[in-house]
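In what follows, a single structure is set out as structure tokens and then discussed.
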There are 2 protein chains.
Amino acid sequence: MGALSTLFAPGRIAVVGATDREGSVGRAIMENLLDSFAGEVVPVNPSREEVFGRSAIDSVGDADADLAVIVVPPNVAVDVVREAGEAGIRNVVVITAGFGETGSEGATRERELIDVAEACDIDLVGPNSLGIMSTPVGMNATFGPENAQSGRMSFMSQSGAFITAVLDWANAEGIGFKDVVSLGNKAVLDESDFVEEWGDDEETEVIIGYLEGIDDGRRFIETAREVTRETPIVLVKSGRTDAGAQAASSHTGAIAGSDEAYEAGLEQAGVIRAESVQELFDAARVLESQPVPDSDAVAVITNAGGPGVMSTDAVGDSRLSMASFADETLDAFSEALPAEGNIYNPVDVVGDAGNDRFRDALDVALADENVGSALVLACPTAVLDYGRLAEDTVELQATHGKPIAACFMGGDRVTPAAKVLSEAGIPNYFDPARAILGLDALARFRDIAEREYESPTTFDVDRERAREILSAVEDRSDTRLGVEAMGLLDAYGIPTPDGEIVDSPADAREVAARIDGDVVMKIVSPDILHKSDIGGVKVGVAEADVEDAYEDLVSRARNYQPDATIVGVQVQEMVDLDSGVETIVGMNRDPQFGPLLLFGLGGIFVEMLEDTTFRVAPVSGVEADAMTREIDAAPLLRGARGREPVDVDGVTETIQRLSQLVTDFPSILELDINPLVATPDGVEAVDVRLTVDPDRLEGAHR
Amino acid sequence: MGALSTLFAPGRIAVVGATDREGSVGRAIMENLLDSFAGEVVPVNPSREEVFGRSAIDSVGDADADLAVIVVPPNVAVDVVREAGEAGIRNVVVITAGFGETGSEGATRERELIDVAEACDIDLVGPNSLGIMSTPVGMNATFGPENAQSGRMSFMSQSGAFITAVLDWANAEGIGFKDVVSLGNKAVLDESDFVEEWGDDEETEVIIGYLEGIDDGRRFIETAREVTRETPIVLVKSGRTDAGAQAASSHTGAIAGSDEAYEAGLEQAGVIRAESVQELFDAARVLESQPVPDSDAVAVITNAGGPGVMSTDAVGDSRLSMASFADETLDAFSEALPAEGNIYNPVDVVGDAGNDRFRDALDVALADENVGSALVLACPTAVLDYGRLAEDTVELQATHGKPIAACFMGGDRVTPAAKVLSEAGIPNYFDPARAILGLDALARFRDIAEREYESPTTFDVDRERAREILSAVEDRSDTRLGVEAMGLLDAYGIPTPDGEIVDSPADAREVAARIDGDVVMKIVSPDILHKSDIGGVKVGVAEADVEDAYEDLVSRARNYQPDATIVGVQVQEMVDLDSGVETIVGMNRDPQFGPLLLFGLGGIFVEMLEDTTFRVAPVSGVEADAMTREIDAAPLLRGARGREPVDVDGVTETIQRLSQLVTDFPSILELDINPLVATPDGVEAVDVRLTVDPDRLEGAHR
């Protein structure tokens with residue numbers, strides 16, 4: 001049991017606002033609690049003598065309870081919570097609505113509630129919550145119409161209505177829960193707290209949830225990583241397709257919208273993200289009760305060829321593969337099956353197979369060490385008894401200790417067999433695709449549980465110099481920086497071409513003289529973002545032409561925007577783009593997850609093909625390396641089409657160094673290195689753009 | 001009714017091999033037919049006096065039946081069918097197995113069966129079939145354990161076991177069928193025949209099927225296009241992920257594997273392809289009974305915010321969109337809903353909504369002409385009666401004539417309401433995603449039914465010259481052609497750069513002199529496929545260097561492979577690749593669908609990113625144009641990133657001309673134009689490779 005053990009297993013619960021008034025929330029909670037709670041229930045209501053035959057007390061301060069459930073009106077709720085806290089009650093569930101979800105008055109009230117909870121060290125659920133349940137102690141402290149059956153999933157939801165709907169459905173399906181929490185407004189306790197709690201809870205085998213948002217992405221990632229070493233987490237995070245609306249301002253930002261952060265963050269956290277309610281429960285049901293497979297190879301045992309082909313497609317669509325059997329397995333199948341059967345996978349025991357033949361085939365398949373899991377796929381025939389097949393399946397699952405999915409096709413004749421299977425933790429589906437997805441979730445969780453999370457590398461950097469460069473925005477209305485901030489990259493060890501920003505033609509020539517070969521010259525102005533469009537970039541300028549080029553660039557800028565602030569002209573070493581691959585490394589700060597790193601190849605790959613990958617920073621070397629591998633165009637970095645491979649390690653290190661930079665400086669709101677040119681000899685950041693929040697500068701105005 | 005009307009509504013059925021022997025197929029069929037068939041049943045069995053109380057006759061020739069069902073052993077089955085045919089029976093179902101599915105003897109027997117059916121003009125189902133059903137006449141001429149309930153879907157399956165499983169399930173779900181056909185080996189009647197029949201059948205509202213293959217792709221496309229003007233077709237075509245195994249030999253061929261042909265062919269046919277059994281029936285159920293929406297805009301009416309967000313995600317994942325309401329609709333919602341409700345989409349009528357408020361909101365939404373369809377999404381509450389909500393939903397659906405999907409969440413309390421909905425053709429799901437997919441299928445079918453299929457353009461071409469060029473392979477062991485076949489493209493009006501194949505340095509110089517600017521020179525040899533790899537291509541050769549280059553190319557080829565046949569050297573005009581986009585137009589001949597066209601951009605786009613699109617030829621201008629639009633990199637053709645748009649019409653025309661070429665010449669097994677360079681000024685086919693089947697050359701060896 002974890003830190004919230006008393007919340008879920010209190011000895012004595014005070015219901016503040018308890019009543020027996022028809023149709024009231026206070027009555028519904030009293031009824032639900034009195035129905036099956038193992039401990040004591042104390043009604044708190046100064047205007048009643050007793051409620052449902054129990055003496056009511058006037059004040060929660062006198063309740064001597066472990067948990068207070070608050071259903072009083074919002075205007076007195078905060079005071080009641082304070083009173084409870086002052087009386088030493090450390091667990092409070094606030095059912096009452098009318099807080100942050102209802103405008104500014106409610107928001108103020110919620111702020112007060114948080115202050116009280118903090119002051120009194122209260123673990124508070126809600127406000128605006130349906131309540132909580134915990135089946136081992138029979139506690140239903142909700143005002144919903146259904147109680148949960150006992151089980152080993154713990155379930156949190158940001159929607160109370162969804163809990164009501166799920167419980168009604170789950171009770172019909174025979175699906176049970178250990179704890180259920182309606183998160184409400186998450187003023188104090190949030191998803192990370194419950195993930196942590198259930199990770200420590202031996203009675204919880206799977207954590208599932210419906211979330212509309214995650215409050216503190218970094219904390220969630222760290223908590224979930226720890227928990228998923230043993231306990232799977234399956235979540236629906238809704239609002240997936242609203243991502244666009246929250247897109248940030250710069251072009252890379254627009255790509256790195258908020259759902260990318262959730263997608264990356266949940267993946268980094270080891271969470272299995274379900275896209276629909278069906279996926280959520282299909283995955284959770286097998287994770288609750290079945291072992292994970294040792295290998296991804298699936299054996300399909302069927303009495304019908306057509307459905308066998310369908311299941312092969314489903315395996316092909318998943319991370320799983322069709323098992324190749326050992327020779328002795330094939331020999332055993334040859335002996336057990338008639339000539340028209342198929343001894344290869346999917347194994348066809350033929351339509352005239354009785355239970356013995358079906359059972360023998362499944363037994364043989366599960367005994368093969370090449371087989372990680374099995375699908376039992378049966379069509380109704382006159383000679384096959386579904387009930388016996390279900391019992392055999394359950395028994396062989398236990399004997400071999402390998403996960404099994406079931407697809408006994410049919411309607412009414414399946415029902416009793418499905419019940420036998422379900423009680424043993426083997427859900428039955430008509431559709432092979434759903435059965436295979438269950439096995440896929442098990443394999444997925446195995447990989448998650450086996451993950452080793454490395455710490456991010458800490459590079460030796462010049463943090464002081466970076467701080468100075470960022471402080472350039474301090475006294476400016478424009479908080480964007482461009483090539484004038486190349487030193488920032490340099491300070492963090494990211495290679496940049498030789499070059500300098502100068503403010504006179506003579507200085508430009510002097511810099512060019514230092515540089516081998518022709519140079520690139522660019523106008524530097526915070527007011528001119530798209531330099532190329534106004535002819536503000538000159539490539540391949542010979543030393544003799546540098547002064548003229550300087551004058552020309554400045555006059556173009558002046559013509560374009562007479563009042564533009566012109567910082568100067570950058571004179572930069574030419575980078576050989578022909579032998580290199582242009583990449584983009586970017587960062588966009590997400591409101592929940594913080595710095596979200598982007599990697600992709602330059603030009604059309606990011607902008608048109610959206611061939612990008614994201615990670616929440618800070619990233620380890622392993623994660624940075626994975627980013628360079630998982631884009632579709634990854635082979636281009638590694639020498640596809642007869643080209644020499646580029647310095648991918650340099651790219652990986654740049655991603656890590658950028659990760660360190662944006663983690664060190666929360667003032668950097670977004671940053672693009674575009675392009676980072678990678679050649680066989682190394683990488684060079686040719687251009688940079690960033691936006692800085694002056695209010696978050698460390699040491700600003702001091 | 002169509003050509004097969006007697007097959008599905010015979011007056012008199014002869015069962016050849018009828019018996020009452022326990023456990024026999026002949027008994028099962030007799031029992032099934034006697035159970036409910038409206039017409040007469042005649043047992044044919046020379047060794048019985050009577051079967052189930054009906055006089056048995058000795059020979060099918062004396063049966064005077066409209067339909068013969070054959071269950072005799074395979075060695076006599078062909079004779080029996082001949083006898084039936086000679087007696088004028090035009091409809092035969094061969095249940096008997098032991099034909100093409102069982103080795104060479106069976107294959108010979110199947111060939112004989114086909115000959116008999118053709119000679120006697122028999123519409124023959126099977127062999128190796130479970131049988132057929134037709135509910136209007138109560139005919140169950142199968143040996144399966146279940147009969148179908150009556151309904152308006154007609155169902156064909158290449159797996160008999162799958163029919164058995166589906167019927168058991170469908171009977172439990174209350175899903176009915178008009179006709180059911182177990183296709184068996186499809187020796188005579190195949191999927192196209194039944195699609196055509198059911199297209200003509202007024203009692204069939206939806207055609208569904210499980211197929212493992214389509215015999216004649218072109219016929220299927222043409223038949224289905226006609227049928228889907230009125231009747232939707234939803235199919236599971238299995239073996240999707242086996243595509244790779246059937247990949248053809250050349251690199252483009254490898255990409256254009258067989259499942260690409262099915263994907264393209266089914267799409268061109270107007271078929272809705274389901275990827276799983278669940279998708280098949282989810283789509284079919286709404287298509288059976290609901291109208292198609294006028295627009296893709298969905299209104300979601302819910303009493304719960306969380307599930308409302310989930311449904312918004314589901315809409316985002318589909319081709320549908322969330323409706324924007326008209327001002328008067330918003331006004332009406334403002335009046336009908338409490339302040340904490342949401343009048344925008346998804347419309348939240350709030351958890352305390354009773355039936356009246358829910359109904360009013362749905363009525364208002366459906367009345368809005370911006371709304372094409374609606375989702376009724378309800379969570380269980382104390383004040384909402386699901387039964388009444390179901391009745392209101394059914395009534396409002398009928399009143400407004402717009403499709404409605406239902407998502408009444410819950411378990412047992414939903415069951416009676418779900419029955420009311422289901423009887424009105426509104427399936428209910430717990431998961432909003434599945435409900436939305438139903439509406440999506442309706443919108444998809446609307447688009448299919450409204451399609452206008454244009455005829456392919458017939459260009460004026462030099463077919464005779466093309467025939468001559470192809471005949472070059474006639475006397476060769478190597479059937480591949482390369483640049484020496486550029487004239488083939490020229491004959492079909494596909495632009496090629498100026499150039500010629502020469503066999504002496506002097507001729508090479510002469511050709512080069514005719515051409516403006518430097519030239520490209522390539523060795524031409526059927527034995528050297530990868531010319532660049534051996535230095536067999538020289539780009540930018542000045543006229544003065546042409547003779548030396550000739551000698552050099554030939555000696556490189558000789559060094560590489562002393563016995564290579566060297567046709568000569570191609571001297572070709574330089575094509576400016578810098579201002580152009582390299583594309584690939586290819587064709588690979590699919591065993592079922594015939595010529596499958598491929599289009600994509602050159603290099604990494606096709607090879608690494610698999611950014612390709614396919615169509616079965618011949619294609620119309622509209623289809624060719626669509627190919628240039630639907631690849632991810634399509635914007636590159638149309639002037640993305642500040643480049644001038646290329647001549648997309650030229651690309652489209654090239655696709656059409658290639659389509660005509662490969663349709664005219666079945667001898668062309670595969671062909672790649674790679675690259676077809678598209679510039680703002682036009683297109684040019686720079687290189688070509690093809691493989692020709694000498695046995696299919698028209699006029700070969702004449």
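A note on labels: chains of the structure tokens are A, B, ... as shown, every chain counts residues from 1, and ligands are counted from 1 in their shown order.
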
Residues of chain A within 8 Å of chain B, counting only C-alpha atoms, what are they? List them as number ranges by chain. A: 145, 158-159, 161-162, 164-173, 212, 238-242, 276-278, 304-307, 309-310, 312-313, 316-317, 351, 379-382, 409-413, 430-433, 608-609, 632-633, 635

For stretch 644-656 of chain B, work out the shell of residues within 9 Å, counting only C-alpha atoms and skipping chain neighbours fewer than 6 positions away, then give it as a ChimeraX atom specification. /B:456-459,493-495,579-581,583,585-586,597-599,617-628,635-638,676-684

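Here atom CA of A:Glu543 and atom CA of A:Glu582 stand 26.2 Å from one another.
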
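Interatomic distance, atom CA of A:Asp548 to atom CA of A:Leu529: 22.7 Å.
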
What separates atom CA of B:Gly131 and atom CA of B:Val116 is a distance of 19.7 Å

Secondary structure check, alpha helix (DSSP H) residues of stretch 418-660 of chain A, as a VMD selection string: chain A and resid 418 to 423 432 to 450 463 to 470 486 to 491 505 to 514 546 to 560 604 to 607 621 to 630 648 to 660

I need the residues in stretch 248-357 of chain A that are strand (DSSP E or B) according to DSSP; give them as a ChimeraX atom specification. /A:272-274,297-302,321-322,342,347-348

I need the chosen residues saved as an mmCIF file, in the first residue's frame, with all heavy atoms.
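Saved as out-v5.cif:
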data_model
loop_
_atom_site.group_PDB
_atom_site.id
_atom_site.type_symbol
_atom_site.label_atom_id
_atom_site.label_comp_id
_atom_site.auth_asym_id
_atom_site.auth_seq_id
_atom_site.Cartn_x
_atom_site.Cartn_y
_atom_site.Cartn_z
ATOM 1 N N ILE A 272 0.595 2.712 -22.289
ATOM 2 C CA ILE A 272 -0.059 2.219 -23.495
ATOM 3 C C ILE A 272 -1.255 3.121 -23.749
ATOM 4 O O ILE A 272 -2.172 3.185 -22.943
ATOM 5 C CB ILE A 272 -0.500 0.754 -23.328
ATOM 6 C CG1 ILE A 272 0.737 -0.134 -23.133
ATOM 7 C CG2 ILE A 272 -1.330 0.292 -24.526
ATOM 8 C CD1 ILE A 272 0.425 -1.590 -22.819
ATOM 9 N N ARG A 273 -1.204 3.861 -24.838
ATOM 10 C CA ARG A 273 -2.276 4.812 -25.123
ATOM 11 C C ARG A 273 -3.339 4.160 -25.993
ATOM 12 O O ARG A 273 -3.060 3.709 -27.100
ATOM 13 C CB ARG A 273 -1.704 6.037 -25.840
ATOM 14 C CG ARG A 273 -2.740 7.115 -26.075
ATOM 15 C CD ARG A 273 -2.133 8.358 -26.681
ATOM 16 N NE ARG A 273 -3.140 9.411 -26.728
ATOM 17 C CZ ARG A 273 -2.926 10.616 -27.239
ATOM 18 N NH1 ARG A 273 -1.749 10.930 -27.719
ATOM 19 N NH2 ARG A 273 -3.884 11.515 -27.250
ATOM 20 N N ALA A 274 -4.557 4.104 -25.491
ATOM 21 C CA ALA A 274 -5.661 3.540 -26.256
ATOM 22 C C ALA A 274 -6.364 4.660 -26.993
ATOM 23 O O ALA A 274 -6.491 5.766 -26.473
ATOM 24 C CB ALA A 274 -6.641 2.825 -25.334
ATOM 25 N N ALA A 297 6.128 -14.375 -31.236
ATOM 26 C CA ALA A 297 5.627 -15.340 -32.211
ATOM 27 C C ALA A 297 4.319 -15.965 -31.734
ATOM 28 O O ALA A 297 4.234 -16.517 -30.639
ATOM 29 C CB ALA A 297 6.671 -16.419 -32.450
ATOM 30 N N VAL A 298 3.295 -15.869 -32.561
ATOM 31 C CA VAL A 298 1.954 -16.361 -32.233
ATOM 32 C C VAL A 298 1.656 -17.629 -33.018
ATOM 33 O O VAL A 298 1.927 -17.692 -34.217
ATOM 34 C CB VAL A 298 0.881 -15.323 -32.627
ATOM 35 C CG1 VAL A 298 -0.505 -15.771 -32.169
ATOM 36 C CG2 VAL A 298 1.212 -13.960 -32.083
ATOM 37 N N ALA A 299 1.104 -18.627 -32.325
ATOM 38 C CA ALA A 299 0.577 -19.802 -33.020
ATOM 39 C C ALA A 299 -0.937 -19.652 -33.104
ATOM 40 O O ALA A 299 -1.585 -19.333 -32.111
ATOM 41 C CB ALA A 299 0.929 -21.073 -32.253
ATOM 42 N N VAL A 300 -1.495 -19.862 -34.284
ATOM 43 C CA VAL A 300 -2.945 -19.815 -34.463
ATOM 44 C C VAL A 300 -3.426 -21.245 -34.684
ATOM 45 O O VAL A 300 -2.933 -21.943 -35.573
ATOM 46 C CB VAL A 300 -3.325 -18.936 -35.675
ATOM 47 C CG1 VAL A 300 -4.838 -18.980 -35.909
ATOM 48 C CG2 VAL A 300 -2.853 -17.503 -35.470
ATOM 49 N N ILE A 301 -4.347 -21.685 -33.832
ATOM 50 C CA ILE A 301 -4.920 -23.022 -33.978
ATOM 51 C C ILE A 301 -6.386 -22.842 -34.320
ATOM 52 O O ILE A 301 -7.133 -22.226 -33.553
ATOM 53 C CB ILE A 301 -4.816 -23.833 -32.666
ATOM 54 C CG1 ILE A 301 -3.414 -23.740 -32.064
ATOM 55 C CG2 ILE A 301 -5.230 -25.288 -32.903
ATOM 56 C CD1 ILE A 301 -2.337 -24.393 -32.858
ATOM 57 N N THR A 302 -6.790 -23.365 -35.473
ATOM 58 C CA THR A 302 -8.155 -23.121 -35.927
ATOM 59 C C THR A 302 -8.757 -24.363 -36.584
ATOM 60 O O THR A 302 -8.025 -25.252 -37.027
ATOM 61 C CB THR A 302 -8.193 -21.935 -36.911
ATOM 62 O OG1 THR A 302 -9.542 -21.650 -37.256
ATOM 63 C CG2 THR A 302 -7.407 -22.239 -38.189
ATOM 64 N N SER A 321 4.305 -11.637 -34.743
ATOM 65 C CA SER A 321 4.603 -12.351 -35.980
ATOM 66 C C SER A 321 4.042 -13.758 -35.874
ATOM 67 O O SER A 321 3.765 -14.250 -34.779
ATOM 68 C CB SER A 321 6.109 -12.414 -36.190
ATOM 69 O OG SER A 321 6.716 -13.043 -35.074
ATOM 70 N N MET A 322 3.859 -14.408 -37.024
ATOM 71 C CA MET A 322 3.378 -15.784 -37.022
ATOM 72 C C MET A 322 4.551 -16.686 -36.653
ATOM 73 O O MET A 322 5.638 -16.584 -37.236
ATOM 74 C CB MET A 322 2.838 -16.147 -38.410
ATOM 75 C CG MET A 322 1.577 -15.387 -38.809
ATOM 76 S SD MET A 322 0.137 -15.751 -37.757
ATOM 77 C CE MET A 322 -0.396 -17.331 -38.439
ATOM 78 N N ASN A 342 -3.555 -28.412 -41.987
ATOM 79 C CA ASN A 342 -2.350 -27.644 -42.256
ATOM 80 C C ASN A 342 -1.490 -27.642 -41.008
ATOM 81 O O ASN A 342 -1.921 -27.194 -39.940
ATOM 82 C CB ASN A 342 -2.703 -26.203 -42.647
ATOM 83 C CG ASN A 342 -1.458 -25.398 -42.971
ATOM 84 O OD1 ASN A 342 -0.421 -25.957 -43.351
ATOM 85 N ND2 ASN A 342 -1.549 -24.088 -42.806
ATOM 86 N N VAL A 347 -2.395 -23.201 -37.966
ATOM 87 C CA VAL A 347 -2.617 -24.643 -37.943
ATOM 88 C C VAL A 347 -4.108 -24.929 -38.128
ATOM 89 O O VAL A 347 -4.932 -24.451 -37.359
ATOM 90 C CB VAL A 347 -2.142 -25.237 -36.605
ATOM 91 C CG1 VAL A 347 -2.422 -26.736 -36.553
ATOM 92 C CG2 VAL A 347 -0.656 -24.954 -36.403
ATOM 93 N N ASP A 348 -4.427 -25.707 -39.169
ATOM 94 C CA ASP A 348 -5.831 -26.012 -39.461
ATOM 95 C C ASP A 348 -6.116 -27.450 -39.032
ATOM 96 O O ASP A 348 -5.624 -28.395 -39.636
ATOM 97 C CB ASP A 348 -6.080 -25.834 -40.964
ATOM 98 C CG ASP A 348 -7.560 -25.956 -41.333
ATOM 99 O OD1 ASP A 348 -8.368 -26.339 -40.448
ATOM 100 O OD2 ASP A 348 -7.894 -25.672 -42.492
#

Using only C-alpha atoms, which protein or nucleic acid residues come within 9 Å of stretch 506-511 of chain B? Drop anything in the same chain fewer than 5 positions from it, and give the result as a PyMOL selection string. chain B and resi 499-501+521+543-547+550+569-572

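Excluding B:Asp498 itself and same-chain residues fewer than 5 positions from it, the residues having an atom within 12 Å of it are Met486, Gly487, Asp490, Val511, Ala512, Ala513, Arg514, Ile515, Asp516, Gly517, Val519, Val520, Gln570, Val571, Gln572, Glu573, Met574, Val575, Glu684, Ala685 and Val686 of chain B, counting only C-alpha atoms.
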
Any chance you can output those residues with N, CA, C and O atoms as a short mmCIF file (atom, residue, chain, number, x, y, z; two decimals), in the first residue's frame?
data_model
loop_
_atom_site.label_atom_id
_atom_site.label_comp_id
_atom_site.auth_asym_id
_atom_site.auth_seq_id
_atom_site.Cartn_x
_atom_site.Cartn_y
_atom_site.Cartn_z
N MET B 486 12.92 2.92 -76.42
CA MET B 486 12.37 4.26 -76.24
C MET B 486 11.35 4.60 -77.33
O MET B 486 10.41 5.37 -77.12
N GLY B 487 11.55 4.00 -78.49
CA GLY B 487 10.62 4.24 -79.60
C GLY B 487 9.19 3.82 -79.27
O GLY B 487 8.23 4.35 -79.84
N ASP B 490 7.65 6.75 -77.78
CA ASP B 490 7.44 7.71 -78.85
C ASP B 490 6.21 7.33 -79.67
O ASP B 490 5.38 8.17 -80.00
N VAL B 511 25.14 12.00 -84.60
CA VAL B 511 23.91 12.25 -83.83
C VAL B 511 24.13 13.42 -82.89
O VAL B 511 23.28 14.33 -82.78
N ALA B 512 25.27 13.43 -82.21
CA ALA B 512 25.57 14.49 -81.25
C ALA B 512 25.57 15.85 -81.93
O ALA B 512 25.14 16.86 -81.36
N ALA B 513 26.03 15.88 -83.17
CA ALA B 513 26.11 17.14 -83.90
C ALA B 513 24.72 17.73 -84.16
O ALA B 513 24.53 18.94 -84.17
N ARG B 514 23.78 16.84 -84.33
CA ARG B 514 22.39 17.27 -84.56
C ARG B 514 21.74 17.87 -83.31
O ARG B 514 20.75 18.57 -83.38
N ILE B 515 22.30 17.49 -82.15
CA ILE B 515 21.66 17.85 -80.88
C ILE B 515 22.30 19.11 -80.32
O ILE B 515 23.52 19.23 -80.31
N ASP B 516 21.47 20.01 -79.86
CA ASP B 516 21.96 21.24 -79.21
C ASP B 516 22.67 20.90 -77.90
O ASP B 516 22.12 20.17 -77.08
N GLY B 517 23.85 21.47 -77.71
CA GLY B 517 24.53 21.33 -76.42
C GLY B 517 25.17 19.97 -76.24
O GLY B 517 25.23 19.14 -77.15
N VAL B 519 25.76 16.12 -74.70
CA VAL B 519 24.84 14.98 -74.76
C VAL B 519 25.09 14.01 -73.59
O VAL B 519 26.10 14.09 -72.91
N VAL B 520 24.13 13.12 -73.41
CA VAL B 520 24.29 12.00 -72.48
C VAL B 520 24.51 10.75 -73.31
O VAL B 520 23.84 10.56 -74.34
N GLN B 570 23.58 4.75 -76.71
CA GLN B 570 22.54 5.74 -76.92
C GLN B 570 23.14 7.14 -76.76
O GLN B 570 23.85 7.40 -75.77
N VAL B 571 22.90 7.99 -77.74
CA VAL B 571 23.33 9.39 -77.65
C VAL B 571 22.06 10.22 -77.49
O VAL B 571 21.18 10.18 -78.33
N GLN B 572 21.98 10.91 -76.37
CA GLN B 572 20.70 11.54 -76.02
C GLN B 572 20.90 13.00 -75.59
O GLN B 572 21.90 13.33 -74.95
N GLU B 573 19.95 13.80 -75.95
CA GLU B 573 19.88 15.20 -75.50
C GLU B 573 19.93 15.25 -73.97
O GLU B 573 19.36 14.40 -73.29
N MET B 574 20.62 16.26 -73.42
CA MET B 574 20.65 16.43 -71.96
C MET B 574 19.30 16.97 -71.49
O MET B 574 18.76 17.88 -72.10
N VAL B 575 18.81 16.40 -70.41
CA VAL B 575 17.58 16.93 -69.83
C VAL B 575 17.95 17.68 -68.56
O VAL B 575 18.75 17.21 -67.75
N GLU B 684 9.51 14.66 -70.06
CA GLU B 684 10.32 13.82 -70.94
C GLU B 684 10.66 12.52 -70.24
O GLU B 684 11.14 12.52 -69.11
N ALA B 685 10.41 11.42 -70.96
CA ALA B 685 10.76 10.09 -70.43
C ALA B 685 12.23 9.85 -70.75
O ALA B 685 12.60 9.70 -71.91
N VAL B 686 13.07 9.84 -69.71
CA VAL B 686 14.51 9.77 -69.95
C VAL B 686 14.98 8.33 -70.06
O VAL B 686 15.93 8.03 -70.76
#

Tell me, as number ranges by chain, which residues lie within 8 Å of B:Ile343, counting only C-alpha atoms; anything in the same chain fewer than 5 positions away does not count. B: 330, 333-334, 337, 348

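Restricting the calculation to only C-alpha atoms, the smallest distance between B:Lys419 and any of B:Ala77, B:Ala323, B:Ile175, B:Ile233 is found for B:Ile175.
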
Do a neighbour search on B:Val180 at 12 Å with only C-alpha atoms, toss out local chain neighbours closer than 2 positions, and write the hits as a PyMOL selection string. chain B and resi 7-8+125+129-136+138-142+144+146-160+162-164+166-167+176-178+182-183+194+198+204+207-210

Taking 5 positions as the minimum chain separation for residues in the same chain, which residues sit within 8 Å of stretch 79-86 of chain A when counting only C-alpha atoms? Answer as a PyMOL selection string. chain A and resi 60-61+68+70+92+113+116-117+120-122
